[in-house]
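run.txt, holding compact mmCIF, N, CA and C atoms:
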# COMPACT_ATOMS: atom_id res chain seq x y z
N SER J 8 3.73 15.32 10.47
CA SER J 8 2.94 14.59 9.49
C SER J 8 3.42 14.95 8.09
N HIS J 9 3.16 14.08 7.16
CA HIS J 9 3.54 14.31 5.78
C HIS J 9 2.30 14.80 5.04
N PRO J 10 2.37 15.94 4.33
CA PRO J 10 1.17 16.52 3.73
C PRO J 10 0.49 15.61 2.70
N LYS J 11 1.27 15.02 1.78
CA LYS J 11 0.65 14.16 0.77
C LYS J 11 1.70 13.34 0.03
N PHE J 12 1.37 12.07 -0.19
CA PHE J 12 2.15 11.23 -1.09
C PHE J 12 1.21 10.19 -1.68
N SER J 13 1.64 9.54 -2.75
CA SER J 13 0.79 8.55 -3.43
C SER J 13 1.47 7.20 -3.45
N ILE J 14 0.65 6.16 -3.35
CA ILE J 14 1.11 4.78 -3.49
C ILE J 14 0.60 4.31 -4.85
N VAL J 15 1.51 3.84 -5.69
CA VAL J 15 1.15 3.37 -7.02
C VAL J 15 1.69 1.96 -7.18
N ALA J 16 0.82 1.03 -7.57
CA ALA J 16 1.23 -0.36 -7.76
C ALA J 16 0.51 -0.93 -8.99
N ASN J 17 1.13 -1.92 -9.61
CA ASN J 17 0.55 -2.59 -10.77
C ASN J 17 0.55 -4.08 -10.50
N PHE J 18 -0.59 -4.73 -10.72
CA PHE J 18 -0.73 -6.16 -10.46
C PHE J 18 -1.28 -6.87 -11.68
N LYS J 19 -0.94 -8.15 -11.79
CA LYS J 19 -1.55 -9.01 -12.80
C LYS J 19 -2.21 -10.16 -12.05
N PHE J 20 -3.51 -10.37 -12.31
CA PHE J 20 -4.29 -11.35 -11.58
C PHE J 20 -4.62 -12.57 -12.43
N GLU J 21 -4.65 -13.72 -11.78
CA GLU J 21 -5.10 -14.96 -12.41
C GLU J 21 -6.61 -15.11 -12.30
N ARG J 22 -7.19 -14.59 -11.21
CA ARG J 22 -8.62 -14.78 -10.94
C ARG J 22 -9.42 -13.54 -11.32
N ILE J 23 -10.53 -13.75 -12.01
CA ILE J 23 -11.45 -12.68 -12.37
C ILE J 23 -12.31 -12.36 -11.15
N GLY J 24 -12.71 -11.08 -11.04
CA GLY J 24 -13.63 -10.69 -9.98
C GLY J 24 -13.07 -9.62 -9.08
N GLU J 25 -13.78 -9.40 -7.99
CA GLU J 25 -13.39 -8.37 -7.03
C GLU J 25 -12.47 -8.98 -5.97
N HIS J 26 -11.39 -8.30 -5.69
CA HIS J 26 -10.43 -8.73 -4.68
C HIS J 26 -10.40 -7.67 -3.58
N ASN J 27 -10.65 -8.08 -2.34
CA ASN J 27 -10.58 -7.17 -1.20
C ASN J 27 -9.20 -7.25 -0.58
N GLY J 28 -8.77 -6.13 -0.04
CA GLY J 28 -7.46 -6.12 0.59
C GLY J 28 -7.26 -4.93 1.49
N THR J 29 -6.01 -4.74 1.91
CA THR J 29 -5.66 -3.64 2.79
C THR J 29 -4.30 -3.07 2.43
N ILE J 30 -4.12 -1.82 2.81
CA ILE J 30 -2.80 -1.17 2.76
C ILE J 30 -2.50 -0.74 4.19
N ASN J 31 -1.25 -0.93 4.60
CA ASN J 31 -0.83 -0.48 5.91
C ASN J 31 0.60 0.02 5.83
N ILE J 32 0.98 0.87 6.76
CA ILE J 32 2.35 1.35 6.87
C ILE J 32 2.86 0.94 8.24
N VAL J 33 4.00 0.26 8.26
CA VAL J 33 4.56 -0.23 9.52
C VAL J 33 5.99 0.27 9.69
N ASP J 34 6.44 0.34 10.95
CA ASP J 34 7.83 0.71 11.21
C ASP J 34 8.71 -0.55 11.18
N LEU J 35 9.99 -0.40 11.50
CA LEU J 35 10.92 -1.53 11.44
C LEU J 35 10.55 -2.67 12.38
N SER J 36 9.85 -2.36 13.48
CA SER J 36 9.45 -3.40 14.42
C SER J 36 8.16 -4.11 13.98
N GLY J 37 7.54 -3.61 12.89
CA GLY J 37 6.30 -4.20 12.41
C GLY J 37 5.05 -3.55 12.98
N LYS J 38 5.23 -2.49 13.78
CA LYS J 38 4.10 -1.79 14.39
C LYS J 38 3.44 -0.86 13.37
N SER J 39 2.12 -0.96 13.26
CA SER J 39 1.37 -0.11 12.34
C SER J 39 1.39 1.33 12.82
N ILE J 40 1.56 2.26 11.88
CA ILE J 40 1.49 3.68 12.25
C ILE J 40 0.18 4.31 11.77
N ILE J 41 -0.61 3.56 10.99
CA ILE J 41 -1.93 4.01 10.55
C ILE J 41 -2.89 2.83 10.67
N PRO J 42 -4.19 3.10 10.76
CA PRO J 42 -5.15 1.99 10.68
C PRO J 42 -5.13 1.40 9.26
N ASP J 43 -5.50 0.13 9.14
CA ASP J 43 -5.59 -0.49 7.81
C ASP J 43 -6.50 0.34 6.91
N ILE J 44 -6.11 0.47 5.66
CA ILE J 44 -6.94 1.11 4.65
C ILE J 44 -7.51 0.00 3.78
N ASP J 45 -8.83 -0.10 3.74
CA ASP J 45 -9.48 -1.13 2.94
C ASP J 45 -9.45 -0.74 1.47
N ILE J 46 -9.14 -1.71 0.61
CA ILE J 46 -9.12 -1.48 -0.83
C ILE J 46 -9.90 -2.59 -1.53
N LYS J 47 -10.41 -2.27 -2.71
CA LYS J 47 -11.06 -3.25 -3.58
C LYS J 47 -10.48 -3.10 -4.98
N VAL J 48 -10.11 -4.22 -5.57
CA VAL J 48 -9.57 -4.22 -6.93
C VAL J 48 -10.47 -5.11 -7.77
N ASN J 49 -11.01 -4.55 -8.86
CA ASN J 49 -11.88 -5.32 -9.74
C ASN J 49 -11.10 -5.77 -10.97
N VAL J 50 -11.13 -7.07 -11.23
CA VAL J 50 -10.40 -7.66 -12.36
C VAL J 50 -11.42 -8.22 -13.35
N PRO J 51 -11.61 -7.56 -14.50
CA PRO J 51 -12.63 -8.01 -15.45
C PRO J 51 -12.21 -9.20 -16.31
N ARG J 52 -10.89 -9.38 -16.52
CA ARG J 52 -10.41 -10.46 -17.39
C ARG J 52 -9.19 -11.14 -16.77
N LYS J 53 -9.04 -12.43 -17.02
CA LYS J 53 -7.88 -13.18 -16.55
C LYS J 53 -6.61 -12.57 -17.16
N GLU J 54 -5.55 -12.55 -16.36
CA GLU J 54 -4.25 -11.99 -16.78
C GLU J 54 -4.30 -10.48 -17.02
N GLN J 55 -5.33 -9.83 -16.51
CA GLN J 55 -5.49 -8.38 -16.68
C GLN J 55 -4.51 -7.65 -15.76
N GLU J 56 -3.76 -6.70 -16.31
CA GLU J 56 -2.94 -5.84 -15.46
C GLU J 56 -3.85 -4.76 -14.89
N THR J 57 -3.73 -4.54 -13.59
CA THR J 57 -4.59 -3.59 -12.89
C THR J 57 -3.72 -2.64 -12.09
N ASN J 58 -4.02 -1.35 -12.20
CA ASN J 58 -3.29 -0.33 -11.45
C ASN J 58 -4.03 0.01 -10.17
N LEU J 59 -3.26 0.27 -9.14
CA LEU J 59 -3.80 0.72 -7.86
C LEU J 59 -3.10 2.03 -7.53
N ILE J 60 -3.89 3.09 -7.33
CA ILE J 60 -3.34 4.40 -6.97
C ILE J 60 -4.09 4.90 -5.75
N VAL J 61 -3.34 5.16 -4.67
CA VAL J 61 -3.95 5.62 -3.42
C VAL J 61 -3.21 6.87 -2.97
N ASP J 62 -3.95 7.96 -2.80
CA ASP J 62 -3.37 9.19 -2.26
C ASP J 62 -3.44 9.15 -0.74
N MET J 63 -2.33 9.43 -0.11
CA MET J 63 -2.23 9.45 1.35
C MET J 63 -2.05 10.91 1.78
N VAL J 64 -2.89 11.36 2.72
CA VAL J 64 -2.87 12.76 3.13
C VAL J 64 -2.68 12.84 4.64
N ASN J 65 -1.75 13.70 5.06
CA ASN J 65 -1.48 13.98 6.48
C ASN J 65 -1.19 12.73 7.32
N VAL J 66 -0.36 11.85 6.79
CA VAL J 66 0.06 10.67 7.55
C VAL J 66 1.07 11.12 8.60
N LYS J 67 0.83 10.74 9.84
CA LYS J 67 1.73 11.12 10.93
C LYS J 67 2.77 10.02 11.15
N PHE J 68 4.01 10.31 10.78
CA PHE J 68 5.13 9.41 11.04
C PHE J 68 5.76 9.83 12.37
N PRO J 69 5.96 8.88 13.30
CA PRO J 69 6.49 9.26 14.61
C PRO J 69 7.90 9.83 14.58
N LYS J 70 8.71 9.42 13.59
CA LYS J 70 10.10 9.91 13.49
C LYS J 70 10.64 9.58 12.11
N SER J 71 11.79 10.15 11.79
CA SER J 71 12.47 9.81 10.55
C SER J 71 12.93 8.37 10.62
N GLY J 72 13.15 7.75 9.48
CA GLY J 72 13.64 6.38 9.47
C GLY J 72 12.97 5.55 8.39
N LYS J 73 13.14 4.23 8.52
CA LYS J 73 12.64 3.30 7.52
C LYS J 73 11.27 2.75 7.92
N TYR J 74 10.39 2.71 6.94
CA TYR J 74 9.05 2.17 7.09
C TYR J 74 8.76 1.25 5.91
N PHE J 75 7.66 0.52 6.00
CA PHE J 75 7.26 -0.36 4.90
C PHE J 75 5.78 -0.16 4.61
N ILE J 76 5.46 -0.03 3.33
CA ILE J 76 4.07 0.02 2.89
C ILE J 76 3.71 -1.40 2.51
N LYS J 77 2.75 -1.98 3.23
CA LYS J 77 2.36 -3.37 3.00
C LYS J 77 1.00 -3.41 2.31
N ILE J 78 0.93 -4.16 1.20
CA ILE J 78 -0.31 -4.32 0.46
C ILE J 78 -0.70 -5.79 0.49
N SER J 79 -1.92 -6.04 0.95
CA SER J 79 -2.45 -7.41 1.03
C SER J 79 -3.73 -7.49 0.21
N LEU J 80 -3.92 -8.61 -0.48
CA LEU J 80 -5.16 -8.89 -1.20
C LEU J 80 -5.59 -10.30 -0.87
N SER J 81 -6.88 -10.48 -0.62
CA SER J 81 -7.44 -11.79 -0.25
C SER J 81 -6.66 -12.41 0.91
N ASP J 82 -6.32 -11.58 1.92
CA ASP J 82 -5.60 -11.99 3.14
C ASP J 82 -4.19 -12.50 2.89
N ILE J 83 -3.61 -12.16 1.74
CA ILE J 83 -2.23 -12.55 1.44
C ILE J 83 -1.42 -11.28 1.17
N GLU J 84 -0.30 -11.13 1.91
CA GLU J 84 0.56 -9.98 1.66
C GLU J 84 1.25 -10.18 0.32
N ILE J 85 0.99 -9.24 -0.61
CA ILE J 85 1.56 -9.41 -1.94
C ILE J 85 2.79 -8.55 -2.18
N THR J 86 2.97 -7.51 -1.37
CA THR J 86 4.19 -6.72 -1.49
C THR J 86 4.44 -5.93 -0.21
N SER J 87 5.70 -5.61 0.00
CA SER J 87 6.13 -4.76 1.10
C SER J 87 7.15 -3.79 0.52
N ILE J 88 6.73 -2.53 0.37
CA ILE J 88 7.55 -1.53 -0.31
C ILE J 88 8.30 -0.70 0.73
N PRO J 89 9.64 -0.67 0.67
CA PRO J 89 10.39 0.13 1.64
C PRO J 89 10.17 1.63 1.40
N LEU J 90 10.12 2.37 2.49
CA LEU J 90 9.95 3.82 2.44
C LEU J 90 10.91 4.43 3.45
N GLU J 91 11.80 5.27 2.99
CA GLU J 91 12.77 5.94 3.86
C GLU J 91 12.31 7.38 4.08
N LEU J 92 12.05 7.73 5.33
CA LEU J 92 11.59 9.07 5.68
C LEU J 92 12.78 9.86 6.22
N VAL J 93 13.10 10.97 5.54
CA VAL J 93 14.25 11.79 5.91
C VAL J 93 13.76 13.18 6.26
N GLN J 94 14.17 13.69 7.40
CA GLN J 94 13.78 15.04 7.81
C GLN J 94 14.69 16.05 7.12
N ILE J 95 14.06 17.07 6.54
CA ILE J 95 14.81 18.15 5.89
C ILE J 95 14.58 19.42 6.68
N ASN J 96 15.68 20.03 7.09
CA ASN J 96 15.57 21.27 7.90
C ASN J 96 15.63 22.48 7.03
This entry written out as structure tokens:
Amino acid sequence: SHPKFSIVANFKFERIGEHNGTINIVDLSGKSIIPDIDIKVNVPRKEQETNLIVDMVNVKFPKSGKYFIKISLSDIEITSIPLELVQIN
């Protein structure tokens, strides 16, 4: 497992209000390695830039290799961030 890392993203929204979404980490085959993490982003003004910071603790990666951090809002995948996990001996 990985002791701790953070996911940091910046978004600009057209719609005011609360946006519900999820974060997930998947392997190259698209299989989730963690349960979905529910997120809420509140946008007070149109065109507002909003930061999202999520600390991840003790995530168990099955092996070294490439993974993707997927962020979805309002049931739409808005980004897929590549993550390369390298074992250091």
Pick from J:Leu90, J:Lys11, J:Met63, J:Lys70, whichever lies nearest to Ile41 (chain J) using only C-alpha atoms: J:Met63
Nearest residue to Asp34 (chain J) from the set J:Val61, J:Ile76, J:Val15, J:Ile46 (distances using only N, CA and C atoms):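 The shortest atom-to-atom distance to Asp34 (chain J) comes from J:Ile76.
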Point-to-point distance from CA of Ser87 (chain J) to CA of Asn31 (chain J), Å rounded to tenths: 9.5 Å
Of the listed residues J:Lys77, J:Lys67, J:Lys47, J:Lys53, that which approaches Ile30 (chain J) most closely, counting all atoms listed in the file: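 Of all the options, J:Lys77 lies closest to Ile30 (chain J).
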For atom N of Leu59 (chain J) and CA of Lys73 (chain J), the interatomic separation in Å (one decimal): 23.2 Å
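The smallest atom-to-atom distance between Ser39 (chain J) and any of J:Leu80, J:Val66, J:Ile14, J:Ile23, using only C-alpha atoms, is found for J:Val66.
Take the candidates J:Ile95, J:Val64, J:Ile40, J:Ile83 and check each one against Asn27 (chain J) using only C-alpha atoms; the shortest distance goes to J:Ile83.
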Two-atom distance - CA of Ser13 (chain J), atom C of Ile78 (chain J) (Å):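 Taking CA of Ser13 (chain J) as the start and atom C of Ile78 (chain J) as the end point, the length is 14.9 Å.
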Distance query Asp82 (chain J) at most 8 Å, all atoms listed in the file, self and fewer than 3 positions along chain excluded, as a count of residues only: 7
Picked from chain J by DSSP as strand (DSSP E or B), as a PyMOL selection string: chain J and resi 9-19+24-34+39+44-50+56-66+72-80+83-92
Residue nearest Gly24 (chain J) - candidates J:Tyr74, J:Glu91, J:Asn49, J:Glu54, atoms counted: only N, CA and C atoms: J:Asn49
Residues at most 5 Å from Thr57 (chain J), counting all atoms listed in the file, excluding those fewer than 5 positions away in the same chain, as a PDB file with N, CA and C atoms, keeping the file's coordinate frame?
ATOM      1  N   ASN J  17       1.130  -1.920  -9.610  1.00  0.00           N
ATOM      2  CA  ASN J  17       0.550  -2.590 -10.770  1.00  0.00           C
ATOM      3  C   ASN J  17       0.550  -4.080 -10.500  1.00  0.00           C
ATOM      4  N   PHE J  18      -0.590  -4.730 -10.720  1.00  0.00           N
ATOM      5  CA  PHE J  18      -0.730  -6.160 -10.460  1.00  0.00           C
ATOM      6  C   PHE J  18      -1.280  -6.870 -11.680  1.00  0.00           C
ATOM      7  N   LYS J  19      -0.940  -8.150 -11.790  1.00  0.00           N
ATOM      8  CA  LYS J  19      -1.550  -9.010 -12.800  1.00  0.00           C
ATOM      9  C   LYS J  19      -2.210 -10.160 -12.050  1.00  0.00           C
TER      10      LYS J  19
END
Complete the atom set of region 40-51 of chain J to all heavy atoms and return it as a PDB file, keeping the file's coordinate frame.
ATOM      1  N   ILE J  40       1.560   2.260  11.880  1.00  0.00           N
ATOM      2  CA  ILE J  40       1.490   3.680  12.250  1.00  0.00           C
ATOM      3  C   ILE J  40       0.180   4.310  11.770  1.00  0.00           C
ATOM      4  O   ILE J  40      -0.098   5.454  12.108  1.00  0.00           O
ATOM      5  CB  ILE J  40       2.702   4.478  11.724  1.00  0.00           C
ATOM      6  CG1 ILE J  40       2.714   4.521  10.203  1.00  0.00           C
ATOM      7  CG2 ILE J  40       4.003   3.921  12.263  1.00  0.00           C
ATOM      8  CD1 ILE J  40       3.562   5.640   9.657  1.00  0.00           C
ATOM      9  N   ILE J  41      -0.610   3.560  10.990  1.00  0.00           N
ATOM     10  CA  ILE J  41      -1.930   4.010  10.550  1.00  0.00           C
ATOM     11  C   ILE J  41      -2.890   2.830  10.670  1.00  0.00           C
ATOM     12  O   ILE J  41      -2.466   1.674  10.658  1.00  0.00           O
ATOM     13  CB  ILE J  41      -1.922   4.514   9.094  1.00  0.00           C
ATOM     14  CG1 ILE J  41      -1.526   3.394   8.122  1.00  0.00           C
ATOM     15  CG2 ILE J  41      -1.022   5.724   8.924  1.00  0.00           C
ATOM     16  CD1 ILE J  41      -1.763   3.707   6.660  1.00  0.00           C
ATOM     17  N   PRO J  42      -4.190   3.100  10.760  1.00  0.00           N
ATOM     18  CA  PRO J  42      -5.150   1.990  10.680  1.00  0.00           C
ATOM     19  C   PRO J  42      -5.130   1.400   9.260  1.00  0.00           C
ATOM     20  O   PRO J  42      -4.782   2.098   8.306  1.00  0.00           O
ATOM     21  CB  PRO J  42      -6.502   2.657  10.962  1.00  0.00           C
ATOM     22  CG  PRO J  42      -6.199   4.002  11.518  1.00  0.00           C
ATOM     23  CD  PRO J  42      -4.835   4.380  11.031  1.00  0.00           C
ATOM     24  N   ASP J  43      -5.500   0.130   9.140  1.00  0.00           N
ATOM     25  CA  ASP J  43      -5.590  -0.490   7.810  1.00  0.00           C
ATOM     26  C   ASP J  43      -6.500   0.340   6.910  1.00  0.00           C
ATOM     27  O   ASP J  43      -7.540   0.832   7.350  1.00  0.00           O
ATOM     28  CB  ASP J  43      -6.176  -1.900   7.892  1.00  0.00           C
ATOM     29  CG  ASP J  43      -5.178  -2.928   8.398  1.00  0.00           C
ATOM     30  OD1 ASP J  43      -3.989  -2.590   8.537  1.00  0.00           O
ATOM     31  OD2 ASP J  43      -5.591  -4.069   8.641  1.00  0.00           O
ATOM     32  N   ILE J  44      -6.110   0.470   5.660  1.00  0.00           N
ATOM     33  CA  ILE J  44      -6.940   1.110   4.650  1.00  0.00           C
ATOM     34  C   ILE J  44      -7.510   0.000   3.780  1.00  0.00           C
ATOM     35  O   ILE J  44      -6.759  -0.776   3.180  1.00  0.00           O
ATOM     36  CB  ILE J  44      -6.109   2.088   3.782  1.00  0.00           C
ATOM     37  CG1 ILE J  44      -5.534   3.192   4.656  1.00  0.00           C
ATOM     38  CG2 ILE J  44      -6.948   2.640   2.641  1.00  0.00           C
ATOM     39  CD1 ILE J  44      -4.498   4.041   3.957  1.00  0.00           C
ATOM     40  N   ASP J  45      -8.830  -0.100   3.740  1.00  0.00           N
ATOM     41  CA  ASP J  45      -9.480  -1.130   2.940  1.00  0.00           C
ATOM     42  C   ASP J  45      -9.450  -0.740   1.470  1.00  0.00           C
ATOM     43  O   ASP J  45      -9.702   0.429   1.122  1.00  0.00           O
ATOM     44  CB  ASP J  45     -10.926  -1.344   3.378  1.00  0.00           C
ATOM     45  CG  ASP J  45     -11.025  -1.940   4.766  1.00  0.00           C
ATOM     46  OD1 ASP J  45     -10.134  -2.731   5.138  1.00  0.00           O
ATOM     47  OD2 ASP J  45     -11.992  -1.619   5.480  1.00  0.00           O
ATOM     48  N   ILE J  46      -9.140  -1.710   0.610  1.00  0.00           N
ATOM     49  CA  ILE J  46      -9.120  -1.480  -0.830  1.00  0.00           C
ATOM     50  C   ILE J  46      -9.900  -2.590  -1.530  1.00  0.00           C
ATOM     51  O   ILE J  46     -10.049  -3.688  -0.993  1.00  0.00           O
ATOM     52  CB  ILE J  46      -7.689  -1.408  -1.407  1.00  0.00           C
ATOM     53  CG1 ILE J  46      -6.908  -2.693  -1.111  1.00  0.00           C
ATOM     54  CG2 ILE J  46      -6.956  -0.179  -0.896  1.00  0.00           C
ATOM     55  CD1 ILE J  46      -5.559  -2.780  -1.799  1.00  0.00           C
ATOM     56  N   LYS J  47     -10.410  -2.270  -2.710  1.00  0.00           N
ATOM     57  CA  LYS J  47     -11.060  -3.250  -3.580  1.00  0.00           C
ATOM     58  C   LYS J  47     -10.480  -3.100  -4.980  1.00  0.00           C
ATOM     59  O   LYS J  47     -10.355  -1.978  -5.475  1.00  0.00           O
ATOM     60  CB  LYS J  47     -12.568  -3.036  -3.633  1.00  0.00           C
ATOM     61  CG  LYS J  47     -13.264  -3.387  -2.356  1.00  0.00           C
ATOM     62  CD  LYS J  47     -14.753  -3.255  -2.486  1.00  0.00           C
ATOM     63  CE  LYS J  47     -15.379  -3.590  -1.133  1.00  0.00           C
ATOM     64  NZ  LYS J  47     -16.807  -3.638  -1.185  1.00  0.00           N
ATOM     65  N   VAL J  48     -10.110  -4.220  -5.570  1.00  0.00           N
ATOM     66  CA  VAL J  48      -9.570  -4.220  -6.930  1.00  0.00           C
ATOM     67  C   VAL J  48     -10.470  -5.110  -7.770  1.00  0.00           C
ATOM     68  O   VAL J  48     -10.693  -6.270  -7.431  1.00  0.00           O
ATOM     69  CB  VAL J  48      -8.116  -4.748  -6.956  1.00  0.00           C
ATOM     70  CG1 VAL J  48      -7.580  -4.773  -8.366  1.00  0.00           C
ATOM     71  CG2 VAL J  48      -7.224  -3.907  -6.048  1.00  0.00           C
ATOM     72  N   ASN J  49     -11.010  -4.550  -8.860  1.00  0.00           N
ATOM     73  CA  ASN J  49     -11.880  -5.320  -9.740  1.00  0.00           C
ATOM     74  C   ASN J  49     -11.100  -5.770 -10.970  1.00  0.00           C
ATOM     75  O   ASN J  49     -10.468  -4.968 -11.642  1.00  0.00           O
ATOM     76  CB  ASN J  49     -13.095  -4.481 -10.172  1.00  0.00           C
ATOM     77  CG  ASN J  49     -14.100  -5.315 -10.932  1.00  0.00           C
ATOM     78  OD1 ASN J  49     -14.235  -6.508 -10.685  1.00  0.00           O
ATOM     79  ND2 ASN J  49     -14.793  -4.688 -11.846  1.00  0.00           N
ATOM     80  N   VAL J  50     -11.130  -7.070 -11.230  1.00  0.00           N
ATOM     81  CA  VAL J  50     -10.400  -7.660 -12.360  1.00  0.00           C
ATOM     82  C   VAL J  50     -11.420  -8.220 -13.350  1.00  0.00           C
ATOM     83  O   VAL J  50     -12.040  -9.249 -13.081  1.00  0.00           O
ATOM     84  CB  VAL J  50      -9.440  -8.769 -11.869  1.00  0.00           C
ATOM     85  CG1 VAL J  50      -8.669  -9.353 -13.039  1.00  0.00           C
ATOM     86  CG2 VAL J  50      -8.496  -8.238 -10.809  1.00  0.00           C
ATOM     87  N   PRO J  51     -11.610  -7.560 -14.500  1.00  0.00           N
ATOM     88  CA  PRO J  51     -12.630  -8.010 -15.450  1.00  0.00           C
ATOM     89  C   PRO J  51     -12.210  -9.200 -16.310  1.00  0.00           C
ATOM     90  O   PRO J  51     -13.054  -9.953 -16.778  1.00  0.00           O
ATOM     91  CB  PRO J  51     -12.886  -6.773 -16.311  1.00  0.00           C
ATOM     92  CG  PRO J  51     -11.657  -5.946 -16.197  1.00  0.00           C
ATOM     93  CD  PRO J  51     -11.039  -6.273 -14.868  1.00  0.00           C
TER      94      PRO J  51
END
